[in-house]
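What follows is one structure encoded as structure tokens, with my remarks underneath.
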4 protein chains.
Amino acid sequence: MKIGRQEHRSSALSTSSADVIVVRGKDLCRDLIGKVSFTEYVWFLLCGELPSEAQRRVLDATLVAIAEHGLVPSVQAARMTYAAAPEALQGAVAAGILGCGSVILGAAESAGKMLADVVERSRDSNLERAATEVTRDLRAARKPIPGYGHPLHKGEDPRATRLFAVATEAGLPDTHRKAAKQVEALLPALTGKTLVMNVSAAIPAVLLDAGFPLGALKGVPILARTASLVAHLLEEQTKPIGFVLSHAASVAIDYDGALPDGFVAGKE
Amino acid sequence: MKIGRQEHRSSALSTSSADVIVVRGKDLCRDLIGKVSFTEYVWFLLCGELPSEAQRRVLDATLVAIAEHGLVPSVQAARMTYAAAPEALQGAVAAGILGCGSVILGAAESAGKMLADVVERSRDSNLERAATEVTRDLRAARKPIPGYGHPLHKGEDPRATRLFAVATEAGLPDTHRKAAKQVEALLPALTGKTLVMNVSAAIPAVLLDAGFPLGALKGVPILARTASLVAHLLEEQTKPIGFVLSHAASVAIDYDGALPDGFVAGKE
Amino acid sequence: MKIGRQEHRSSALSTSSADVIVVRGKDLCRDLIGKVSFTEYVWFLLCGELPSEAQRRVLDATLVAIAEHGLVPSVQAARMTYAAAPEALQGAVAAGILGCGSVILGAAESAGKMLADVVERSRDSNLERAATEVTRDLRAARKPIPGYGHPLHKGEDPRATRLFAVATEAGLPDTHRKAAKQVEALLPALTGKTLVMNVSAAIPAVLLDAGFPLGALKGVPILARTASLVAHLLEEQTKPIGFVLSHAASVAIDYDGALPDGFVAGKE
Amino acid sequence: MKIGRQEHRSSALSTSSADVIVVRGKDLCRDLIGKVSFTEYVWFLLCGELPSEAQRRVLDATLVAIAEHGLVPSVQAARMTYAAAPEALQGAVAAGILGCGSVILGAAESAGKMLADVVERSRDSNLERAATEVTRDLRAARKPIPGYGHPLHKGEDPRATRLFAVATEAGLPDTHRKAAKQVEALLPALTGKTLVMNVSAAIPAVLLDAGFPLGALKGVPILARTASLVAHLLEEQTKPIGFVLSHAASVAIDYDGALPDGFVAGKE
């Protein structure tokens, strides 16, 4: 059954013969393996060209910044899944990746769209006016301002500060970084609260300044977290805590539904 | 409800205060972001120490080698899923990762276990005898010899050849590479077929030679493929083929069940 | 780390002692197992009360209607995943469920929201005016009208027709069914095309008429498709076609990227 | 690229024309929707024939028995995933299903294989001898005896007791139920512990007695839990606890890795 009206019937990523594997026009074995780093290869896969040194530095920095932050919900989901299904490491990784959603790690993408919108609109006016318009539109549509505020890092998100410094050291233009700072400056008046830029606004700011594609922004936290999930699952193999986590969580929640006649609660 | 008898209640990966994020003993923002590459960080997350230059080179090479090989089943699953559910890039990536199983990419792990077993047993005898025992045991248990033979690369898998060269250039010991070659040499007599070493035996051979943990081997193709999946999903955003793939696949399959009276097949 | 400001710390679904498992106030073993059908239990889990006979009939009918429709993309993703990772049936089912998204099966939920909106707005005017407003608003926001048109069933979707008949036989009120018909009547003038109501509009129409919760609508195709996925994976165990599907799909796609000097394409 | 040597190119589950959808030989709209229950349809999809009343009763009973048992790990994984990614209900359901693995719900399948093995071997000897052999073989291979013992229901698993009663009431043969009881009787001598039969042995016992296919056993808990996951995610929409669960779990785990100089732990 044909679904939709897709007109494309081609892909530009890879082809191969018995002897040669081609990736985006290069011979994988002759030109890439052993010659480029994984980070350079990620950029190449996404963009079709190898990155400059500045682009490579910033992509490395963002991947390192967002990979690991302890027992966050997606890590817990992965460790519980692995404890229940140790035959399938890939399933536990997948369960963790499914938690890279709009509320948690997906903010990097929505913040990127917002920053790109601010930069776009600032062309015909100025940055402050553009940022004011964009944030007001978001508030009017009852949408959150993505990438600001953090439950733990309230004074500043040290990863955001560091990523901006790396981008500056690398000599990248600062168009989107300025937009991110402009949005931060407007937030107290707009929301009545001081909300500092967090890593999810800093990542798109520095990557868009480096020319990284907007549509691949969400892939950065997903790729980074995959590394962290594998590390947690390796630890889970020798120091399992998946069921300890679920037990501790379950006792924090009360049952508030009805009870059948004569039911006597057990002690936990 | 308590499940199982897990006795650990700790993790050594990360902790944080409002100002500092600690990863395996280092200050993430001061010591790692902008200072180490993502590949070095992956090794650090898994092993607790930064890699040597030789270790880093080999891990980079394996990640580059296995990331992309065209429209393989897991990529197709991801592109079909994205076409059906574009609101959740993470779901499409997860669908692709779920295909990194025992038959396809998981062979890197089972080949790694086999090679480690050969090396272990060779300590008390010699490599040929150890490899003979291990492969005979697998055959006796009706299990496949993982990491040999390839549907397309029949003469040699050029990625395997290149990975061995990189490991040699990097100056790594060759214990597991020798074991992999020894197994390859035994296969014609054992199976009646020439089966060349493929990338799924070469990856564990070079990584185990570099001191990479056996329990994390499966994470290497999973991490590498995540990058490729993101690249395919970025292409799917502008050149969608998810439903073209499923349509072409569905017309290759006939219905061979019963039909109700009077059913007239439509033209496709 | 505390994320968000969640204030609830309770759940009303289940509790248990060593002797008794309570589900929504009933004793699972005494009151439910062997006494209610799975469909009645599904309704009970979602709504907290057992369904009337009419409600049960309609929920059964929708689950039967949407479970199976051949080698759709989600089934293909599941079968390919199972071929690659036969150690984890749950992973193959999960890959299939991930394709129950906004474009394909999730239309049941968005159509349900649209129909509920039409009914709500018709209270202060009339059905035609309300449906006109709602569909115009969707068009103005460049959103699709969910639940109308089908790539194969162009004359009518026989499942939609049958579900409406079942709901009428069951004696349910027809508020949302009328809204669905009203939307269908407006579409030619609005879109210039005749688009017949498909199963994704019929399911929410009959379920909302039965008092089924709007927030659980998406669960109906997900639950139904899970049954179908298990059936396909059972067939895959004895008549595997996962790699046949992926091969047929891959040959339908050309490589249109660059090629390295001297590359000679292999024959497929 | 061709992978493997799959020789089948057909499926017997479904075909369709513009007017008729065929499922396993029947006209979906004329013969099934509104005429059979979802449980009957599940049996029909899996087996190709509608179930007898006894078969239907037992399948309904097992689905009701295993669907819900409170905040188990897979439910927690799903609720955390939904809190992080509310745009994709299907992703949260998939995360929950990924926890239906060999340790937790998959025991229904491995117990089914064990019981089928006991019954098979008893044909040439007797039930006690067959059960002794099978359980000794499992112990010798250092594998668990699946389906016995429960962390909460130590005296008896009331679901197991009830399922056996339902199967007896339905008039089914008791071949596999006897095998399950025989295994239970041998366990104290074999393991030194009294381990009562739990729901994961009772489900395959009654289903195999009803003629349900062994290869689909794992699908029963997966299908049942899907219903429960949807119910939990519906509750999560109005009484969110996903992040409360993850916070409570995270504070139960200490960091036991190294710390950088001068690190001052924050108060949680």
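Chains: A, B, ... in order of the structure tokens. Residues: from 1 per chain. Ligands: from 1, in order shown.
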
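For A:Asp31, the non-local neighbours within 12 Å, defined as residues at least 2 positions apart in the same chain or in other chains and counting only C-alpha atoms, are Val20, Ile21, Val22, Val23, Arg24, Gly25, Lys26, Asp27, Leu28, Cys29, Ile33, Gly34, Lys35, Val36, Ser37, Tyr41 and Leu50 of chain A; Ala61, Val64, Ala65, Arg159 and Arg162 of chain B; Pro260 and Asp261 of chain C.
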
Exercise for the section: For A:Gln182, please output as a VMD selection string all residues within 9 Å (counting only C-alpha atoms; exclusion window: fewer than 3 positions along the same chain). Expected result: chain A and resid 127 to 128 131 to 132 177 to 179 185 to 187

Practice task
Return the neighbours of chain B among the residues of chain C, cut-off 9 Å, counting only C-alpha atoms, as number ranges by chain.
Solution key: C: 70-74, 76-78, 80-88, 91-92, 94-96, 98-106, 241-253

Need to verify the contact set: stretch 42-48 of chain A, 8 Å, only C-alpha atoms, exclusion of same-chain residues closer than 6 positions in sequence. Can you return it as a CSV table (one decimal) with N, CA, C and O atoms, in the first residue's frame?
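part-v5.csv written:
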chain,number,residue,atom,x,y,z
A,13,LEU,N,23.9,9.1,1.1
A,13,LEU,CA,24.8,8.8,2.2
A,13,LEU,C,25.9,7.7,1.9
A,13,LEU,O,27.0,7.9,2.3
A,23,VAL,N,31.2,6.5,1.5
A,23,VAL,CA,30.3,7.3,2.3
A,23,VAL,C,30.5,8.8,1.9
A,23,VAL,O,31.6,9.3,1.9
A,24,ARG,N,29.4,9.3,1.5
A,24,ARG,CA,29.3,10.7,1.0
A,24,ARG,C,30.5,11.1,0.1
A,24,ARG,O,31.1,12.1,0.2
A,56,ARG,N,35.2,21.3,14.6
A,56,ARG,CA,35.4,20.0,15.3
A,56,ARG,C,35.5,20.3,16.8
A,56,ARG,O,35.0,19.5,17.6
A,212,PHE,N,26.5,24.2,12.2
A,212,PHE,CA,25.9,22.9,12.3
A,212,PHE,C,24.5,23.0,11.9
A,212,PHE,O,23.8,23.9,12.2
A,213,PRO,N,23.9,21.9,11.2
A,213,PRO,CA,22.5,22.0,10.7
A,213,PRO,C,21.5,21.9,11.8
A,213,PRO,O,21.6,21.1,12.7
A,216,ALA,N,19.7,18.7,12.8
A,216,ALA,CA,20.4,17.6,13.5
A,216,ALA,C,20.8,17.9,14.9
A,216,ALA,O,21.4,17.2,15.6
B,227,ALA,N,25.1,7.7,15.4
B,227,ALA,CA,25.5,8.8,14.6
B,227,ALA,C,25.0,8.7,13.1
B,227,ALA,O,24.5,9.6,12.5
B,228,SER,N,25.1,7.5,12.6
B,228,SER,CA,24.6,7.2,11.3
B,228,SER,C,23.1,7.4,11.2
B,228,SER,O,22.5,7.9,10.2
B,230,VAL,N,21.2,9.3,13.0
B,230,VAL,CA,20.9,10.8,13.0
B,230,VAL,C,21.1,11.3,11.6
B,230,VAL,O,20.3,12.1,11.1
B,231,ALA,N,22.2,10.9,10.9
B,231,ALA,CA,22.4,11.4,9.6
B,231,ALA,C,21.3,11.0,8.6
B,231,ALA,O,20.9,11.8,7.8
B,234,LEU,N,18.3,13.1,9.4
B,234,LEU,CA,18.4,14.4,8.9
B,234,LEU,C,18.1,14.4,7.4
B,234,LEU,O,17.4,15.3,6.8

Practice task
Run DSSP on the backbone and grab whatever in stretch 34-180 of chain D lands in alpha helix (DSSP H); send it over as an MDAnalysis selection string.
Solution key: chainID D and resid 38:47 53:66 73:84 89:97 107:122 127:140 158:169 175:180

Problem - Residue neighbourhood A:Asp256, 8 Å, only C-alpha atoms, exclusion window fewer than 3 positions, as a PyMOL selection string - result: chain C and resi 10-12

Go ahead and write the residues just picked, all heavy atoms, as a tab-separated table (two decimals), in the first residue's frame.
chain	number	residue	atom	x	y	z
C	10	SER	N	1.28	10.01	44.54
C	10	SER	CA	0.40	8.85	44.71
C	10	SER	C	-0.10	8.35	43.37
C	10	SER	O	-0.02	9.05	42.36
C	10	SER	CB	-0.79	9.24	45.60
C	10	SER	OG	-1.55	10.25	44.95
C	11	SER	N	-0.57	7.13	43.41
C	11	SER	CA	-1.16	6.49	42.23
C	11	SER	C	-2.38	5.70	42.70
C	11	SER	O	-2.38	5.13	43.79
C	11	SER	CB	-0.14	5.55	41.58
C	11	SER	OG	-0.77	4.74	40.60
C	12	ALA	N	-3.41	5.67	41.88
C	12	ALA	CA	-4.65	4.99	42.27
C	12	ALA	C	-4.85	3.68	41.53
C	12	ALA	O	-5.94	3.15	41.52
C	12	ALA	CB	-5.84	5.92	42.02

Problem - Å distance separating atom CA of D:Ala224 from atom CA of A:Leu89, one decimal place - result: 23.4 Å

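Between atom CA of C:Arg142 and atom CA of A:Arg9 the separation is 26.1 Å.
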
Completion exercise
In Å and to one decimal, atom CA of A:Thr39 is distant from atom CA of A:Pro221 by 13.5 Å

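Within stretch 93-258 of chain C, residues classed as strand (DSSP E or B) by DSSP on backbone coordinates are Tyr148, Met197, Asp254 and Tyr255 of chain C.
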
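The shell of residues at most 10 Å from B:Ala202, with only C-alpha atoms counted and near chain neighbours (fewer than 3 positions) removed, consists of Thr62, Ala108, Ala111, Gly112, Gly147, Tyr148, Asp157, Arg159, Ala160, Thr161, Arg162, Leu163, Phe164, His176, Arg177, Ala180, Lys181, Met197, Asn198, Val199, Ala205, Val206, Leu207 and Leu208 of chain B.
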